[in-house]
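Undergrad: Structure file final_33.txt (compact mmCIF, C-alpha atoms and all ligand atoms) right here:
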```
# COMPACT_ATOMS: atom_id res chain seq x y z
CA MET R 1 32.43 216.76 208.46
CA GLU R 2 35.91 215.69 207.48
CA ALA R 3 38.35 218.26 206.22
CA LYS R 4 39.05 218.03 202.52
CA GLU R 5 42.49 216.90 201.57
CA GLN R 6 44.48 219.99 200.74
CA THR R 7 45.75 220.46 197.24
CA LYS R 8 49.45 221.11 197.54
CA VAL R 9 49.87 223.90 195.07
CA PRO R 10 53.33 225.46 195.30
CA ARG R 11 52.88 228.90 196.83
CA THR R 12 54.98 231.74 198.04
CA LEU R 13 53.90 232.08 201.62
CA PRO R 14 53.81 235.36 203.51
CA GLU R 15 55.98 236.19 206.50
CA LEU R 16 53.93 236.48 209.66
CA GLU R 17 54.17 239.76 211.48
CA LYS R 18 52.27 240.96 214.52
CA HIS R 19 49.79 243.04 212.51
CA THR R 20 49.39 240.55 209.64
CA GLU R 21 49.19 237.31 211.62
CA ALA R 22 45.42 237.37 212.14
CA PHE R 23 44.81 237.84 208.42
CA TRP R 24 46.95 234.85 207.47
CA THR R 25 45.89 232.52 210.29
CA GLY R 26 42.21 233.41 210.81
CA GLY R 27 41.25 230.61 208.44
CA GLN R 28 42.12 228.18 211.21
CA CYS R 29 38.82 229.29 212.79
CA GLY R 30 37.17 229.63 209.37
CA GLN R 31 37.19 233.40 209.62
CA LEU R 32 38.53 236.11 207.40
CA MET R 33 40.17 238.59 209.77
CA ILE R 34 40.54 242.19 208.66
CA ASN R 35 42.19 244.89 210.74
CA GLN R 36 39.67 247.46 211.88
CA CYS R 37 40.29 250.79 213.54
CA SER R 38 38.67 250.87 216.98
CA ALA R 39 38.44 254.67 216.88
CA CYS R 40 36.63 255.21 213.55
CA GLN R 41 35.61 251.63 212.55
CA HIS R 42 37.49 251.89 209.26
CA TYR R 43 38.61 248.50 207.87
CA ILE R 44 42.24 248.42 206.83
CA HIS R 45 43.76 246.18 204.19
CA PRO R 46 46.56 245.33 203.49
CA PRO R 47 47.04 244.98 207.24
CA VAL R 48 49.05 247.83 208.72
CA PRO R 49 49.30 248.78 212.40
CA MET R 50 47.93 252.31 211.97
CA CYS R 51 44.60 253.61 210.66
CA PRO R 52 45.15 255.62 207.44
CA ILE R 53 42.00 257.66 208.09
CA CYS R 54 42.36 258.87 211.68
CA HIS R 55 45.96 257.71 212.41
CA SER R 56 44.87 255.77 215.48
CA ARG R 57 47.07 252.85 216.44
CA ASP R 58 44.13 251.17 218.13
CA VAL R 59 43.70 248.61 215.35
CA THR R 60 42.14 245.21 216.00
CA ALA R 61 41.76 242.20 213.74
CA THR R 62 38.02 241.71 213.30
CA PRO R 63 36.13 238.86 211.61
CA VAL R 64 34.25 239.88 208.45
CA SER R 65 31.61 238.04 206.43
CA GLY R 66 34.03 236.78 203.79
CA LYS R 67 31.60 237.82 201.08
CA ALA R 68 32.93 239.90 198.22
CA GLU R 69 32.51 240.93 194.62
CA ILE R 70 35.09 240.56 191.85
CA VAL R 71 36.44 244.01 190.97
CA SER R 72 38.94 242.88 188.36
CA TYR R 73 40.70 239.67 187.39
CA THR R 74 43.18 238.11 185.06
CA VAL R 75 43.55 234.52 183.93
CA ASN R 76 47.10 233.27 184.23
CA HIS R 77 48.19 230.63 181.71
CA MET R 78 51.88 230.62 182.60
CA PRO R 79 53.23 227.89 184.89
CA TRP R 80 55.63 230.27 186.65
CA ILE R 81 56.85 227.60 189.03
CA PRO R 82 57.05 223.83 188.49
CA GLY R 83 53.88 222.07 189.58
CA LEU R 84 51.72 225.16 189.26
CA GLU R 85 48.47 224.21 187.61
CA VAL R 86 47.22 226.57 184.92
CA PRO R 87 45.08 228.30 184.00
CA TYR R 88 44.03 229.98 187.24
CA VAL R 89 42.30 233.22 188.07
CA VAL R 90 44.04 236.02 189.97
CA ALA R 91 41.50 238.59 191.10
CA ILE R 92 40.95 241.69 193.12
CA VAL R 93 37.80 241.27 195.17
CA GLY R 94 36.02 243.98 197.14
CA LEU R 95 34.72 242.89 200.53
CA THR R 96 31.10 243.81 201.20
CA GLU R 97 31.95 245.48 204.52
CA GLN R 98 33.41 248.63 203.03
CA GLN R 99 33.75 250.33 199.65
CA GLY R 100 37.29 249.90 198.37
CA LEU R 101 38.23 247.18 200.86
CA ASN R 102 40.00 245.08 198.28
CA ILE R 103 41.97 241.87 198.54
CA THR R 104 44.17 240.34 195.86
CA THR R 105 43.40 236.65 195.77
CA GLU R 106 42.67 233.67 193.60
CA ILE R 107 39.25 232.51 192.41
CA ILE R 108 38.90 228.74 192.56
CA ASN R 109 36.25 226.05 192.06
CA ILE R 110 35.18 227.62 188.78
CA ASN R 111 36.09 227.37 185.12
CA PRO R 112 38.19 230.52 184.45
CA ASP R 113 36.02 231.20 181.37
CA LYS R 114 33.01 231.66 183.64
CA VAL R 115 34.52 234.38 185.84
CA PHE R 116 33.20 237.91 185.37
CA ILE R 117 33.52 241.31 186.99
CA GLY R 118 30.76 241.80 189.53
CA MET R 119 30.53 238.09 190.37
CA GLN R 120 29.62 237.43 194.00
CA VAL R 121 32.21 235.29 195.76
CA LYS R 122 32.95 234.00 199.24
CA VAL R 123 36.11 233.17 201.09
CA LEU R 124 37.55 229.74 201.71
CA PHE R 125 40.95 228.84 203.03
CA GLU R 126 43.86 226.78 201.81
CA GLN R 127 46.13 225.64 204.60
CA HIS R 128 49.90 225.61 204.31
CA GLU R 129 51.34 224.79 207.73
CA GLU R 130 50.40 227.73 209.97
CA ILE R 131 49.22 229.87 207.06
CA TYR R 132 45.62 229.80 205.84
CA LEU R 133 45.54 231.52 202.46
CA PRO R 134 42.23 233.26 201.84
CA LEU R 135 40.96 232.26 198.40
CA PHE R 136 37.53 232.90 196.96
CA GLU R 137 34.94 230.81 195.14
CA PRO R 138 31.59 231.66 193.58
CA LEU R 139 28.94 232.38 196.19
CA SER R 140 26.55 230.04 194.38
CA ALA R 141 28.93 227.08 194.71
CA THR R 142 27.91 224.50 197.26
ZN ZN F 201 40.55 255.21 212.28
```
As structure tokens - that is how I would like this structure written.
Ligand SMILES: [Zn+2]
TA:
Amino acid sequence: MEAKEQTKVPRTLPELEKHTEAFWTGGQCGQLMINQCSACQHYIHPPVPMCPICHSRDVTATPVSGKAEIVSYTVNHMPWIPGLEVPYVVAIVGLTEQQGLNITTEIININPDKVFIGMQVKVLFEQHEEIYLPLFEPLSAT
């Protein structure tokens, strides 16, 4: 299967740090990588190098299913930067692996009017050089 041509949406890209690199580059292997504590198995996001539950520093980036549910969302109609296509959906999605394991992201491949809280979504990645931004689309999309 050929890779789809990437839409070049202007984006503010994250700085890569040791403990965030896996999250931002895991898409290269098609995997959403979330830091997980090796001591208590707690998933940690945003990625930080220490477990907030047991304070272990034994934290490892671990692939997760990439399946999530929309917790809240907002539809942005403002073209904040030139070339930004509106409207688009900014959402907080909760990963299925753990209650409260939320990611702020964008919901794509859907009419913004059709988005609702509780919608099941799955991850896909948008590549910008070495960064693979995790975005989400409806689980039912093919
Ligand atoms: Zn822990």
Undergrad: Within 6 Å of ligand ZN 201 (chain F), which residues show up when you count all atoms listed in the file? List them as a list in words, please.
TA: Cys37, Ala39, Cys40, His42, Cys51, Ile53, Cys54, His55 and Ser56 of chain R
Undergrad: What does the distance from CA of Val89 in chain R to CA of Gln120 in chain R come to in Å, to one decimal?
TA: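 If I compute the distance from CA of Val89 in chain R to CA of Gln120 in chain R, I get 14.6 Å.
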Undergrad: Which is closer to Asn109 in chain R than all the others in R:Glu85, R:Glu130, R:Glu137, R:Glu21, using all atoms listed in the file?
TA: R:Glu137
Undergrad: If you count all atoms listed in the file, which residues fall within 6 Å of range 59-65 of chain R, apart from same-chain ones fewer than 4 positions away, as a short mmCIF file (atom, residue, chain, number, x, y, z; two decimals) with C-alpha atoms, in the coordinates of the input?
TA:
```cif
data_model
loop_
_atom_site.label_atom_id
_atom_site.label_comp_id
_atom_site.auth_asym_id
_atom_site.auth_seq_id
_atom_site.Cartn_x
_atom_site.Cartn_y
_atom_site.Cartn_z
CA GLN R 31 37.19 233.40 209.62
CA LEU R 32 38.53 236.11 207.40
CA MET R 33 40.17 238.59 209.77
CA ILE R 34 40.54 242.19 208.66
CA ASN R 35 42.19 244.89 210.74
CA GLN R 36 39.67 247.46 211.88
CA CYS R 37 40.29 250.79 213.54
CA SER R 38 38.67 250.87 216.98
#
```
Undergrad: I'd like the interatomic distance between CA of Val90 in chain R and CA of Gly27 in chain R, to a tenth of an Å.
TA: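 Rounded to one decimal, the two atoms are 19.4 Å apart.
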